[in-house]
file entry-v6.cif (mmCIF, C-alpha atoms)
data_upload
#
loop_
_atom_site.label_atom_id
_atom_site.label_comp_id
_atom_site.auth_asym_id
_atom_site.auth_seq_id
_atom_site.Cartn_x
_atom_site.Cartn_y
_atom_site.Cartn_z
CA MET A 190 -10.51 -12.05 -40.40
CA ARG A 191 -7.55 -9.78 -39.84
CA LEU A 192 -4.78 -11.39 -37.82
CA ARG A 193 -2.55 -8.92 -36.05
CA VAL A 194 -0.49 -11.44 -34.08
CA ASP A 195 3.09 -10.57 -35.03
CA GLY A 196 5.57 -12.71 -33.13
CA HIS A 197 2.84 -14.57 -31.23
CA PRO A 198 3.62 -18.22 -30.40
CA ALA A 199 0.22 -19.23 -31.78
CA ALA A 200 0.50 -17.18 -34.97
CA ALA A 201 0.80 -20.19 -37.28
CA ALA A 202 -2.09 -22.04 -35.62
CA LEU A 203 -4.29 -18.95 -35.89
CA ARG A 204 -3.98 -18.79 -39.66
CA ILE A 205 -7.05 -21.00 -40.03
CA HIS A 206 -9.04 -17.98 -38.85
CA GLY A 207 -7.57 -15.31 -41.10
CA SER A 208 -4.46 -13.59 -42.33
CA ALA A 209 -2.23 -10.59 -41.78
CA ASP A 210 -3.91 -8.80 -44.68
CA GLY A 211 -7.40 -10.06 -43.90
CA ASP A 212 -10.36 -7.74 -43.70
CA PRO A 213 -11.05 -6.48 -40.16
CA GLY A 214 -14.60 -6.05 -41.35
CA GLU A 215 -14.79 -9.84 -41.14
CA GLY A 216 -13.31 -9.85 -37.66
CA LEU A 217 -10.15 -9.12 -35.75
CA ILE A 218 -7.73 -11.20 -33.74
CA PHE A 219 -5.24 -8.85 -32.08
CA ALA A 220 -2.29 -9.69 -29.87
CA PRO A 221 -0.02 -6.95 -28.53
CA HIS A 222 3.60 -7.20 -29.53
CA PRO A 223 5.53 -9.40 -27.07
CA GLU A 224 8.06 -6.65 -26.36
CA ILE A 225 6.70 -3.36 -25.05
CA ALA A 226 9.70 -1.54 -23.66
CA ASP A 227 8.51 2.04 -23.41
CA TRP A 228 5.42 4.22 -23.36
CA ALA A 229 5.68 5.07 -27.06
CA SER A 230 5.46 1.37 -27.90
CA ALA A 231 2.54 0.85 -25.54
CA GLU A 232 0.68 3.77 -27.07
CA GLU A 233 1.32 2.49 -30.60
CA GLU A 234 0.07 -0.98 -29.72
CA LEU A 235 -3.15 0.35 -28.24
CA ALA A 236 -3.63 2.82 -31.11
CA GLU A 237 -3.27 -0.03 -33.62
CA ALA A 238 -5.80 -2.04 -31.63
CA PHE A 239 -8.11 0.98 -31.71
CA ARG A 240 -7.86 1.43 -35.49
CA LEU A 241 -8.50 -2.21 -36.27
CA THR A 242 -11.22 -2.53 -33.65
CA GLN A 243 -13.01 0.49 -35.07
CA ALA A 244 -13.06 -1.18 -38.49
CA ALA A 245 -14.37 -4.44 -37.07
CA PHE A 246 -17.00 -2.66 -34.98
CA ALA A 247 -18.25 -0.72 -38.00
CA ALA A 248 -18.97 -4.03 -39.70
CA ALA A 249 -20.40 -5.65 -36.58
CA ALA A 250 -17.58 -8.19 -36.80
CA PRO A 251 -16.15 -10.12 -33.84
CA VAL A 252 -13.10 -8.86 -31.99
CA VAL A 253 -10.74 -11.11 -30.05
CA TYR A 254 -7.83 -9.77 -28.06
CA LEU A 255 -5.13 -12.26 -27.08
CA VAL A 256 -3.13 -11.42 -23.98
CA GLU A 257 -0.78 -13.27 -21.69
CA ALA A 258 -2.53 -14.34 -18.52
CA ALA A 259 0.55 -13.29 -16.57
CA ALA A 260 0.36 -9.76 -17.96
CA LEU A 261 -3.34 -9.46 -17.21
CA LEU A 262 -2.79 -10.68 -13.67
CA GLY A 263 -0.10 -8.05 -13.19
CA ARG A 264 2.77 -10.51 -13.14
CA ALA A 265 4.63 -8.76 -15.95
CA GLU A 266 6.40 -5.46 -16.45
CA PRO A 267 4.19 -2.38 -15.96
CA LEU A 268 3.57 -1.49 -19.59
CA PRO A 269 2.71 -5.01 -20.85
CA SER A 270 0.33 -5.34 -17.90
CA ALA A 271 -1.18 -1.95 -18.65
CA VAL A 272 -1.69 -2.88 -22.30
CA ALA A 273 -3.24 -6.26 -21.48
CA ALA A 274 -5.64 -4.73 -18.98
CA GLY A 275 -6.34 -1.85 -21.34
CA LEU A 276 -7.47 -4.28 -24.01
CA LEU A 277 -9.84 -5.84 -21.47
CA GLY A 278 -11.31 -2.39 -20.86
CA GLY A 279 -11.69 -1.97 -24.61
CA ALA A 280 -13.48 -5.29 -24.98
CA ARG A 281 -15.86 -4.39 -22.16
CA ALA A 282 -16.56 -0.98 -23.65
CA LEU A 283 -17.14 -2.33 -27.15
CA ALA A 284 -19.47 -5.07 -25.94
CA PHE A 285 -21.41 -2.62 -23.79
CA GLU A 286 -21.74 0.08 -26.42
CA GLY A 287 -22.63 -2.33 -29.19
CA ARG A 288 -25.06 -4.56 -27.38
CA LYS A 289 -28.07 -3.49 -29.42
CA GLU A 290 -26.13 -4.39 -32.56
CA GLU A 291 -25.00 -7.63 -30.89
CA ALA A 292 -21.37 -6.58 -31.00
CA PHE A 293 -18.88 -9.13 -29.73
CA ALA A 294 -15.49 -8.62 -28.13
CA THR A 295 -13.63 -10.94 -25.85
CA VAL A 296 -10.21 -11.29 -24.27
CA ILE A 297 -8.46 -14.67 -24.27
CA ALA A 298 -5.88 -14.80 -21.51
CA ILE A 299 -3.26 -17.40 -22.37
CA GLY A 300 -1.36 -19.16 -19.64
CA ALA A 301 2.25 -20.16 -20.02
CA GLY A 302 2.56 -23.52 -21.69
CA ALA A 303 -0.79 -23.37 -23.45
CA ALA A 304 -0.47 -25.08 -26.83
CA PRO A 305 -0.96 -22.98 -29.96
CA GLU A 306 -3.76 -25.28 -31.07
CA GLN A 307 -5.51 -24.67 -27.74
CA VAL A 308 -5.36 -20.94 -28.37
CA SER A 309 -6.67 -21.32 -31.89
CA ASP A 310 -9.51 -23.57 -30.71
CA ALA A 311 -10.37 -21.09 -27.97
CA VAL A 312 -10.63 -18.30 -30.53
CA GLY A 313 -12.80 -20.41 -32.81
CA CYS A 314 -15.07 -21.45 -29.97
CA ALA A 315 -15.45 -17.93 -28.59
CA VAL A 316 -16.34 -16.50 -31.99
CA ALA A 317 -18.72 -19.35 -32.86
CA VAL A 318 -20.54 -19.39 -29.54
CA ARG A 319 -19.96 -15.74 -28.63
CA SER A 320 -18.87 -16.81 -25.19
CA GLY A 321 -17.10 -14.39 -22.92
CA ASN A 322 -18.55 -11.26 -24.53
CA GLY A 323 -16.94 -8.32 -22.80
CA GLN A 324 -15.07 -10.68 -20.50
CA VAL A 325 -11.95 -12.77 -20.08
CA VAL A 326 -11.74 -16.37 -21.22
CA ALA A 327 -8.73 -18.14 -19.73
CA VAL A 328 -6.71 -20.86 -21.46
CA GLY A 329 -4.28 -22.87 -19.38
CA ALA A 330 -3.75 -22.93 -15.63
CA GLU A 331 -1.75 -19.83 -14.81
CA HIS A 332 -4.74 -17.89 -13.50
CA LEU A 333 -5.88 -20.57 -11.04
CA GLY A 334 -5.98 -19.33 -7.45
CA ALA A 335 -5.78 -15.70 -8.57
CA MET A 336 -8.18 -13.03 -9.74
CA PHE A 337 -8.26 -11.26 -13.07
CA PRO A 338 -9.05 -7.54 -12.97
CA MET B 271 5.59 15.73 7.63
CA SER B 272 5.54 13.61 4.51
CA VAL B 273 4.55 15.07 1.18
CA ALA B 274 1.43 13.98 -0.68
CA VAL B 275 1.71 14.57 -4.41
CA VAL B 276 -1.72 14.80 -6.04
CA THR B 277 -2.17 15.32 -9.76
CA GLY B 278 -5.24 16.85 -11.34
CA ALA B 279 -5.71 18.75 -8.10
CA ALA B 280 -7.09 22.12 -9.26
CA ARG B 281 -10.69 21.07 -8.73
CA GLY B 282 -13.12 18.25 -8.13
CA ILE B 283 -11.87 14.90 -6.91
CA GLY B 284 -8.20 15.87 -7.03
CA ARG B 285 -8.74 18.98 -4.98
CA ALA B 286 -10.77 17.01 -2.43
CA ILE B 287 -7.99 14.40 -2.20
CA ALA B 288 -5.38 17.09 -1.57
CA GLU B 289 -7.53 18.71 1.13
CA ARG B 290 -8.19 15.38 2.81
CA LEU B 291 -4.54 14.34 2.84
CA ALA B 292 -3.60 17.76 4.20
CA ALA B 293 -6.14 17.25 6.99
CA ASP B 294 -4.54 13.85 7.63
CA GLY B 295 -1.18 15.53 8.21
CA TYR B 296 0.55 15.45 4.84
CA THR B 297 2.20 18.43 3.18
CA PRO B 298 0.18 18.56 -0.04
CA LEU B 299 1.84 19.23 -3.39
CA LEU B 300 -0.91 19.96 -5.88
CA VAL B 301 -0.24 19.42 -9.56
CA ASP B 302 -2.34 20.54 -12.49
CA LEU B 303 -2.07 21.93 -15.99
CA ALA B 304 -4.36 24.79 -14.96
CA ASP B 305 -2.92 27.87 -13.26
CA SER B 306 -5.95 27.82 -10.95
CA VAL B 307 -4.28 25.01 -9.02
CA ARG B 308 -2.40 27.71 -7.12
CA ASP B 309 -5.76 28.88 -5.70
CA ALA B 310 -6.53 25.39 -4.39
CA VAL B 311 -3.52 24.92 -2.13
CA PRO B 312 -4.38 24.17 1.51
CA GLU B 313 -2.36 25.88 4.21
CA GLY B 314 1.19 24.60 4.35
CA GLY B 315 1.04 23.12 0.88
CA ALA B 316 2.44 23.99 -2.50
CA ALA B 317 1.46 23.80 -6.14
CA VAL B 318 3.18 23.20 -9.42
CA VAL B 319 1.69 23.84 -12.84
CA ALA B 320 2.84 21.00 -15.05
CA ASP B 321 1.74 18.71 -17.86
CA VAL B 322 1.65 15.24 -16.28
CA SER B 323 1.85 13.55 -19.68
CA THR B 324 5.36 14.81 -20.49
CA GLU B 325 8.87 14.14 -19.25
CA GLU B 326 9.29 17.85 -18.70
CA GLY B 327 6.28 17.79 -16.43
CA TRP B 328 7.62 14.84 -14.45
CA GLY B 329 10.88 16.68 -13.99
CA ALA B 330 9.14 19.79 -12.70
CA ILE B 331 7.01 17.75 -10.30
CA ARG B 332 10.03 15.85 -9.04
CA ALA B 333 11.94 19.07 -8.42
CA ALA B 334 8.99 20.53 -6.51
CA ALA B 335 8.60 17.39 -4.42
CA GLU B 336 12.31 17.22 -3.62
CA SER B 337 12.18 20.79 -2.30
CA LEU B 338 9.42 19.88 0.15
CA GLY B 339 10.74 16.68 1.67
CA PRO B 340 10.21 12.93 1.55
CA VAL B 341 7.12 11.81 -0.33
CA GLY B 342 4.68 9.68 1.62
CA VAL B 343 2.04 9.22 -1.04
CA LEU B 344 1.62 9.81 -4.75
CA VAL B 345 -1.93 10.06 -6.10
CA ASN B 346 -2.20 9.75 -9.88
CA ASN B 347 -5.59 11.41 -10.32
CA ALA B 348 -5.13 13.54 -13.45
CA GLY B 349 -7.51 12.46 -16.16
CA ILE B 350 -9.51 13.67 -19.13
CA THR B 351 -12.45 12.45 -21.14
CA ARG B 352 -13.09 12.79 -24.87
CA ASP B 353 -16.25 10.82 -25.28
CA ALA B 354 -17.66 9.68 -28.60
CA ARG B 355 -19.32 6.61 -30.01
CA LEU B 356 -16.63 4.18 -31.11
CA GLY B 357 -17.49 4.72 -34.77
CA LYS B 358 -17.00 8.48 -34.41
CA MET B 359 -14.01 8.49 -32.08
CA THR B 360 -10.87 9.98 -33.57
CA GLU B 361 -7.46 8.49 -33.11
CA GLU B 362 -6.30 11.85 -31.78
CA ASP B 363 -8.89 11.67 -29.00
CA PHE B 364 -8.03 8.04 -28.31
CA ARG B 365 -4.33 8.84 -27.90
CA ALA B 366 -4.92 12.02 -25.87
CA VAL B 367 -6.97 10.18 -23.25
CA LEU B 368 -4.44 7.37 -23.13
CA ARG B 369 -1.51 9.70 -22.58
CA VAL B 370 -3.06 11.73 -19.79
CA ASN B 371 -4.92 8.96 -17.98
CA LEU B 372 -2.47 6.08 -18.29
CA GLY B 373 0.83 7.37 -19.64
CA SER B 374 1.06 9.99 -16.92
CA ALA B 375 0.51 7.47 -14.14
CA HIS B 376 3.24 5.25 -15.56
CA GLY B 377 5.71 8.04 -16.22
CA LEU B 378 5.22 10.02 -13.04
CA THR B 379 5.38 6.96 -10.81
CA ALA B 380 8.63 5.95 -12.45
CA ALA B 381 9.96 9.50 -11.99
CA LEU B 382 9.05 9.75 -8.31
CA ALA B 383 9.27 6.19 -6.97
CA ASP B 384 12.71 6.62 -5.44
CA LEU B 385 11.53 9.74 -3.59
CA ILE B 386 8.71 7.84 -1.87
CA GLU B 387 9.77 6.84 1.60
CA ASP B 388 9.69 3.26 2.82
CA GLY B 389 6.16 2.26 3.74
CA GLY B 390 4.74 4.87 1.39
CA ALA B 391 1.93 4.44 -1.05
CA VAL B 392 0.85 5.11 -4.60
CA VAL B 393 -2.86 5.43 -5.30
CA ASN B 394 -4.00 5.47 -8.92
CA ILE B 395 -7.43 6.67 -9.93
CA SER B 396 -9.22 4.26 -12.24
CA SER B 397 -12.97 4.33 -12.91
CA ARG B 398 -16.07 2.16 -12.79
CA ALA B 399 -16.41 3.07 -16.46
CA GLN B 400 -13.66 0.58 -17.28
CA LEU B 401 -16.29 -2.11 -16.77
CA GLY B 402 -18.10 -0.78 -19.83
CA ASN B 403 -19.82 2.50 -20.58
CA PHE B 404 -21.36 4.12 -23.63
CA GLY B 405 -19.12 6.35 -25.72
CA GLN B 406 -16.02 5.78 -23.60
CA PHE B 407 -13.90 3.23 -25.44
CA ASN B 408 -10.79 5.38 -24.98
CA TYR B 409 -11.58 6.11 -21.34
CA ALA B 410 -12.25 2.44 -20.58
CA VAL B 411 -8.96 1.37 -22.19
CA SER B 412 -7.05 3.97 -20.21
CA LYS B 413 -8.73 3.29 -16.86
CA ALA B 414 -8.51 -0.47 -17.21
CA GLY B 415 -4.88 0.02 -18.18
CA VAL B 416 -4.41 1.86 -14.90
CA ILE B 417 -5.52 -1.29 -13.08
CA GLY B 418 -3.03 -3.44 -14.95
CA LEU B 419 -0.35 -0.88 -14.19
CA THR B 420 -1.37 -0.83 -10.53
CA ARG B 421 -1.02 -4.60 -10.17
CA SER B 422 2.36 -4.72 -11.85
CA LEU B 423 3.70 -1.78 -9.86
CA ALA B 424 2.43 -3.38 -6.67
CA LEU B 425 4.58 -6.44 -7.32
CA LEU B 426 7.49 -4.37 -8.59
CA HIS B 427 7.70 -2.18 -5.50
CA ALA B 428 6.72 -4.68 -2.83
CA PRO B 429 7.49 -4.86 0.01
CA ARG B 430 8.76 -1.27 0.22
CA LEU B 431 5.73 0.49 -1.26
CA ARG B 432 2.06 -0.32 -1.66
CA VAL B 433 0.27 0.49 -4.90
CA ASN B 434 -3.52 0.45 -5.16
CA ALA B 435 -6.31 2.00 -7.17
CA VAL B 436 -9.65 3.64 -6.49
CA ALA B 437 -12.39 3.28 -9.10
CA PRO B 438 -14.95 6.05 -8.66
CA GLY B 439 -18.44 5.74 -9.99
CA PHE B 440 -20.80 8.60 -10.70
CA VAL B 441 -19.45 11.58 -8.78
CA ALA B 442 -21.08 15.01 -8.49
CA SER B 443 -19.19 17.58 -10.50
CA GLU B 444 -19.76 20.62 -12.69
CA MET B 445 -20.15 18.22 -15.60
CA THR B 446 -22.70 15.95 -13.94
CA ASP B 447 -24.58 18.95 -12.53
CA ALA B 448 -25.06 20.13 -16.12
CA MET B 449 -26.72 16.89 -17.21
CA PRO B 450 -30.43 17.02 -18.07
CA ALA B 451 -32.40 16.29 -14.93
CA HIS B 452 -34.12 13.21 -16.35
CA VAL B 453 -30.81 11.72 -17.39
CA ARG B 454 -29.27 12.38 -13.99
CA GLU B 455 -32.28 10.82 -12.26
CA ARG B 456 -31.99 7.69 -14.39
CA VAL B 457 -28.31 7.36 -13.58
CA ILE B 458 -28.89 7.73 -9.84
CA ALA B 459 -31.82 5.31 -9.91
CA ALA B 460 -29.38 2.60 -10.99
CA ILE B 461 -27.08 3.20 -8.00
CA PRO B 462 -27.91 1.05 -4.93
CA LEU B 463 -26.91 3.82 -2.51
CA ALA B 464 -29.30 6.13 -4.41
CA ARG B 465 -27.06 9.15 -4.71
CA ALA B 466 -24.20 10.61 -6.65
CA GLY B 467 -20.83 10.22 -5.04
CA LEU B 468 -19.07 13.24 -3.65
CA PRO B 469 -15.43 14.16 -4.20
CA ALA B 470 -15.01 13.73 -0.45
CA ASP B 471 -16.14 10.09 -0.78
CA ILE B 472 -13.34 9.39 -3.23
CA ALA B 473 -10.88 11.35 -1.11
CA ALA B 474 -11.77 9.17 1.88
CA ALA B 475 -11.08 6.00 -0.09
CA VAL B 476 -7.72 7.38 -1.22
CA ALA B 477 -6.87 8.47 2.30
CA TRP B 478 -7.58 5.01 3.65
CA LEU B 479 -5.43 3.31 1.02
CA ALA B 480 -2.63 5.78 1.78
CA SER B 481 -2.87 5.16 5.51
CA PRO B 482 -1.27 2.52 7.75
CA ASP B 483 -4.77 1.06 8.21
CA ALA B 484 -4.40 -0.32 4.68
CA GLY B 485 -0.95 -1.61 5.49
CA TYR B 486 -1.73 -5.11 4.25
CA VAL B 487 -3.40 -4.00 1.04
CA THR B 488 -1.59 -3.78 -2.25
CA GLY B 489 -2.44 -4.33 -5.90
CA GLN B 490 -6.12 -3.87 -5.20
CA VAL B 491 -8.95 -1.81 -6.68
CA LEU B 492 -11.42 -0.17 -4.33
CA TYR B 493 -14.63 0.65 -6.13
CA SER B 494 -16.26 3.75 -4.63
CA CYS B 495 -19.37 3.67 -6.76
CA GLY B 496 -22.42 3.27 -4.51
CA GLY B 497 -22.63 -0.39 -5.53
CA ARG B 498 -23.07 0.30 -9.23
CA SER B 499 -20.09 -1.88 -10.23
CA PHE B 500 -22.10 -5.06 -9.75
CA ALA B 501 -25.77 -3.99 -9.45
#
call {"tool": "encode", "arguments": {"input": "entry-v6.cif", "output": "structure tokens"}}
result
Amino acid sequence: MRLRVDGHPAAAALRIHGSADGDPGEGLIFAPHPEIADWASAEEELAEAFRLTQAAFAAAAPVVYLVEAAALLGRAEPLPSAVAAGLLGGARALAFEGRKEEAFATVIAIGAGAAPEQVSDAVGCAVAVRSGNGQVVAVGAEHLGAMFP
Amino acid sequence: MSVAVVTGAARGIGRAIAERLAADGYTPLLVDLADSVRDAVPEGGAAVVADVSTEEGWGAIRAAAESLGPVGVLVNNAGITRDARLGKMTEEDFRAVLRVNLGSAHGLTAALADLIEDGGAVVNISSRAQLGNFGQFNYAVSKAGVIGLTRSLALLHAPRLRVNAVAPGFVASEMTDAMPAHVRERVIAAIPLARAGLPADIAAAVAWLASPDAGYVTGQVLYSCGGRSFA
């Protein structure tokens, strides 16, 4: 699988699933860059997600987007929250459009303090079981008592 | 009277929103890329032709708003579609939809926020399509992004301003009127309220969120979709 998880706290733990030069046709794990300071950066992050997702989709390979639970809940700056929620929209759209081909796309929302190994296990489980297709899977406790979009 | 800034207001939902807010007592400032927006201005209102996806456009809109008075509500309605199956979608079309539908809401809100009077509101237009729809990967990303933006802005501007979103479903328009009849019938058959939405339906939802009646509502998404979002 292709890992596009630059600067992610779980990057090392995720290497059991793939590599930075892995083939997206075998699957994609994408995390937006931790710093998104302006619109140009936000657009580039989502465009990169689009390119890699398109390659994975063409091969009917699984797609996993990793986002911060805080960003998805709206508890972050506007552009990181927009990007996190945008990726959720992308996962929903991909899963919906590709359902006849059994396409798979999920979003793993990571709470603060979640261990890297937890994140890696969540990715492995989601891909193996195809749980959370077109939906959010939460890791950690940050989302408790609140509602994802 | 407070000013209501409405983008994408030359026709359809945007025009209906501007007319409804004018009826509710706002001075409407209609914004669109199309010159025809000048023909859509209700009495007492104004129009500005501007590209909502550029800094130049935000500057022109801000200048127009400042000339009219304090802003009571900003409605980020401008949006485009460039549908294609994901495998056929071009990056150019992906970026274009993102810039107009999401980038404009972010940029224009940042450009106008300090002009919005205390107790004012921002209403962003999302879409039921962000839950998943065929051939709309770019649109879903942009409209879901609008929801994330809405939540963050709601926290950022609280308690001075409220920021919410409306997610329209299938709404009657020139585009939907041109659909083959059998396709249109199938779409409507899946809607619990058994009809296409009207621009006035969406305008009513926006008007409520902009009003003091929604004074305890912020960071929320109101689906105006005939029940299709869960049925």
call {"tool": "atom_distance", "arguments": {"input": "entry-v6.cif", "atom1": "atom CA of Ala501 of chain B", "atom2": "atom CA of Ala459 of chain B"}}
result
11.1 Å
call {"tool": "residues_around", "arguments": {"input": "entry-v6.cif", "residues": "Gly263 of chain A", "least_positions_apart": "4", "cutoff": "7 Å", "atoms": "only C-alpha atoms", "output": "list of chain:residue names"}}
result
A:Ala259, A:Ser270, B:Gly418, B:Arg421, B:Ser422
call {"tool": "interface_residues", "arguments": {"input": "entry-v6.cif", "of": "chain B", "to": "chain A", "cutoff": "10 Å", "atoms": "only C-alpha atoms", "output": "mmCIF file with C-alpha atoms, in the coordinates of the input"}}
result
data_model
loop_
_atom_site.group_PDB
_atom_site.id
_atom_site.type_symbol
_atom_site.label_atom_id
_atom_site.label_comp_id
_atom_site.auth_asym_id
_atom_site.auth_seq_id
_atom_site.Cartn_x
_atom_site.Cartn_y
_atom_site.Cartn_z
ATOM 1 C CA ARG B 355 -19.320 6.610 -30.010
ATOM 2 C CA LEU B 356 -16.630 4.180 -31.110
ATOM 3 C CA GLY B 357 -17.490 4.720 -34.770
ATOM 4 C CA LYS B 358 -17.000 8.480 -34.410
ATOM 5 C CA MET B 359 -14.010 8.490 -32.080
ATOM 6 C CA THR B 360 -10.870 9.980 -33.570
ATOM 7 C CA GLU B 361 -7.460 8.490 -33.110
ATOM 8 C CA GLU B 362 -6.300 11.850 -31.780
ATOM 9 C CA PHE B 364 -8.030 8.040 -28.310
ATOM 10 C CA ARG B 365 -4.330 8.840 -27.900
ATOM 11 C CA LEU B 368 -4.440 7.370 -23.130
ATOM 12 C CA ARG B 369 -1.510 9.700 -22.580
ATOM 13 C CA LEU B 372 -2.470 6.080 -18.290
ATOM 14 C CA GLY B 373 0.830 7.370 -19.640
ATOM 15 C CA SER B 374 1.060 9.990 -16.920
ATOM 16 C CA HIS B 376 3.240 5.250 -15.560
ATOM 17 C CA GLY B 377 5.710 8.040 -16.220
ATOM 18 C CA ALA B 399 -16.410 3.070 -16.460
ATOM 19 C CA GLN B 400 -13.660 0.580 -17.280
ATOM 20 C CA LEU B 401 -16.290 -2.110 -16.770
ATOM 21 C CA GLY B 402 -18.100 -0.780 -19.830
ATOM 22 C CA ASN B 403 -19.820 2.500 -20.580
ATOM 23 C CA PHE B 404 -21.360 4.120 -23.630
ATOM 24 C CA GLY B 405 -19.120 6.350 -25.720
ATOM 25 C CA GLN B 406 -16.020 5.780 -23.600
ATOM 26 C CA PHE B 407 -13.900 3.230 -25.440
ATOM 27 C CA ASN B 408 -10.790 5.380 -24.980
ATOM 28 C CA TYR B 409 -11.580 6.110 -21.340
ATOM 29 C CA ALA B 410 -12.250 2.440 -20.580
ATOM 30 C CA VAL B 411 -8.960 1.370 -22.190
ATOM 31 C CA SER B 412 -7.050 3.970 -20.210
ATOM 32 C CA LYS B 413 -8.730 3.290 -16.860
ATOM 33 C CA ALA B 414 -8.510 -0.470 -17.210
ATOM 34 C CA GLY B 415 -4.880 0.020 -18.180
ATOM 35 C CA VAL B 416 -4.410 1.860 -14.900
ATOM 36 C CA ILE B 417 -5.520 -1.290 -13.080
ATOM 37 C CA GLY B 418 -3.030 -3.440 -14.950
ATOM 38 C CA LEU B 419 -0.350 -0.880 -14.190
ATOM 39 C CA THR B 420 -1.370 -0.830 -10.530
ATOM 40 C CA ARG B 421 -1.020 -4.600 -10.170
ATOM 41 C CA SER B 422 2.360 -4.720 -11.850
ATOM 42 C CA LEU B 423 3.700 -1.780 -9.860
ATOM 43 C CA ALA B 424 2.430 -3.380 -6.670
ATOM 44 C CA LEU B 425 4.580 -6.440 -7.320
ATOM 45 C CA LEU B 426 7.490 -4.370 -8.590
ATOM 46 C CA GLY B 489 -2.440 -4.330 -5.900
ATOM 47 C CA GLN B 490 -6.120 -3.870 -5.200
ATOM 48 C CA VAL B 491 -8.950 -1.810 -6.680
#
call {"tool": "resolve_selection", "arguments": {"input": "entry-v6.cif", "expression": "the PyMOL selection byres ((chain A and resi 306) around 10)", "output": "PDB file with C-alpha atoms, in the frame of the given file"}}
result
ATOM      1  CA  ALA A 199       0.220 -19.230 -31.780  1.00  0.00           C
ATOM      2  CA  ALA A 200       0.500 -17.180 -34.970  1.00  0.00           C
ATOM      3  CA  ALA A 201       0.800 -20.190 -37.280  1.00  0.00           C
ATOM      4  CA  ALA A 202      -2.090 -22.040 -35.620  1.00  0.00           C
ATOM      5  CA  LEU A 203      -4.290 -18.950 -35.890  1.00  0.00           C
ATOM      6  CA  ALA A 303      -0.790 -23.370 -23.450  1.00  0.00           C
ATOM      7  CA  ALA A 304      -0.470 -25.080 -26.830  1.00  0.00           C
ATOM      8  CA  PRO A 305      -0.960 -22.980 -29.960  1.00  0.00           C
ATOM      9  CA  GLN A 307      -5.510 -24.670 -27.740  1.00  0.00           C
ATOM     10  CA  VAL A 308      -5.360 -20.940 -28.370  1.00  0.00           C
ATOM     11  CA  SER A 309      -6.670 -21.320 -31.890  1.00  0.00           C
ATOM     12  CA  ASP A 310      -9.510 -23.570 -30.710  1.00  0.00           C
ATOM     13  CA  ALA A 311     -10.370 -21.090 -27.970  1.00  0.00           C
ATOM     14  CA  VAL A 312     -10.630 -18.300 -30.530  1.00  0.00           C
TER      15      VAL A 312
END
call {"tool": "atom_distance", "arguments": {"input": "entry-v6.cif", "atom1": "atom CA of Arg432 of chain B", "atom2": "atom CA of Ile331 of chain B"}}
result
20.6 Å
call {"tool": "atom_distance", "arguments": {"input": "entry-v6.cif", "atom1": "atom CA of Val296 of chain A", "atom2": "atom CA of Pro198 of chain A"}}
result
16.6 Å
call {"tool": "resolve_selection", "arguments": {"input": "entry-v6.cif", "expression": "the PyMOL selection byres ((chain B and resi 275-284) around 8)", "output": "VMD selection string"}}
result
chain B and resid 273 to 274 285 to 288 298 to 304 306 to 310 322 335 341 343 to 349 443 469 to 470 472 to 473
call {"tool": "residues_around", "arguments": {"input": "entry-v6.cif", "residues": "Leu333 of chain A", "least_positions_apart": "3", "cutoff": "12 Å", "atoms": "all atoms listed in the file", "output": "list in words"}}
result
Ala258, Ala259, Leu262, Ala298, Gly300, Ala327, Val328, Gly329, Ala330, Met336 and Phe337 of chain A
call {"tool": "resolve_selection", "arguments": {"input": "entry-v6.cif", "expression": "the PyMOL selection byres ((chain A and resi 315) around 10)", "output": "PyMOL selection string"}}
result
chain A and resi 251-253+293-297+309-314+316-322+326
call {"tool": "write_last_selection", "arguments": {"input": "entry-v6.cif", "atoms": "C-alpha atoms", "output": "CSV table (one decimal), in the coordinates of the input"}}
result
chain,number,residue,atom,x,y,z
A,251,PRO,CA,-16.2,-10.1,-33.8
A,252,VAL,CA,-13.1,-8.9,-32.0
A,253,VAL,CA,-10.7,-11.1,-30.0
A,293,PHE,CA,-18.9,-9.1,-29.7
A,294,ALA,CA,-15.5,-8.6,-28.1
A,295,THR,CA,-13.6,-10.9,-25.8
A,296,VAL,CA,-10.2,-11.3,-24.3
A,297,ILE,CA,-8.5,-14.7,-24.3
A,309,SER,CA,-6.7,-21.3,-31.9
A,310,ASP,CA,-9.5,-23.6,-30.7
A,311,ALA,CA,-10.4,-21.1,-28.0
A,312,VAL,CA,-10.6,-18.3,-30.5
A,313,GLY,CA,-12.8,-20.4,-32.8
A,314,CYS,CA,-15.1,-21.4,-30.0
A,316,VAL,CA,-16.3,-16.5,-32.0
A,317,ALA,CA,-18.7,-19.4,-32.9
A,318,VAL,CA,-20.5,-19.4,-29.5
A,319,ARG,CA,-20.0,-15.7,-28.6
A,320,SER,CA,-18.9,-16.8,-25.2
A,321,GLY,CA,-17.1,-14.4,-22.9
A,322,ASN,CA,-18.6,-11.3,-24.5
A,326,VAL,CA,-11.7,-16.4,-21.2
call {"tool": "closest_residue", "arguments": {"input": "entry-v6.cif", "among": "B:Met271, B:Ala317, B:Ala366, B:Val487", "to": "Val433 of chain B", "atoms": "all atoms listed in the file"}}
result
B:Val487
call {"tool": "closest_residue", "arguments": {"input": "entry-v6.cif", "among": "A:Ser230, A:Val325, A:Leu255, A:Gly334", "to": "Ile218 of chain A", "atoms": "only C-alpha atoms"}}
result
A:Leu255
call {"tool": "axis_aligned_box", "arguments": {"input": "entry-v6.cif", "around": "segment 331-337 of chain B", "padding_each_side": "3 Å", "output": "JSON"}}
result
{"center_x": 9.7, "center_y": 18.3, "center_z": -6.3, "size_x": 11.3, "size_y": 10.9, "size_z": 14.0}
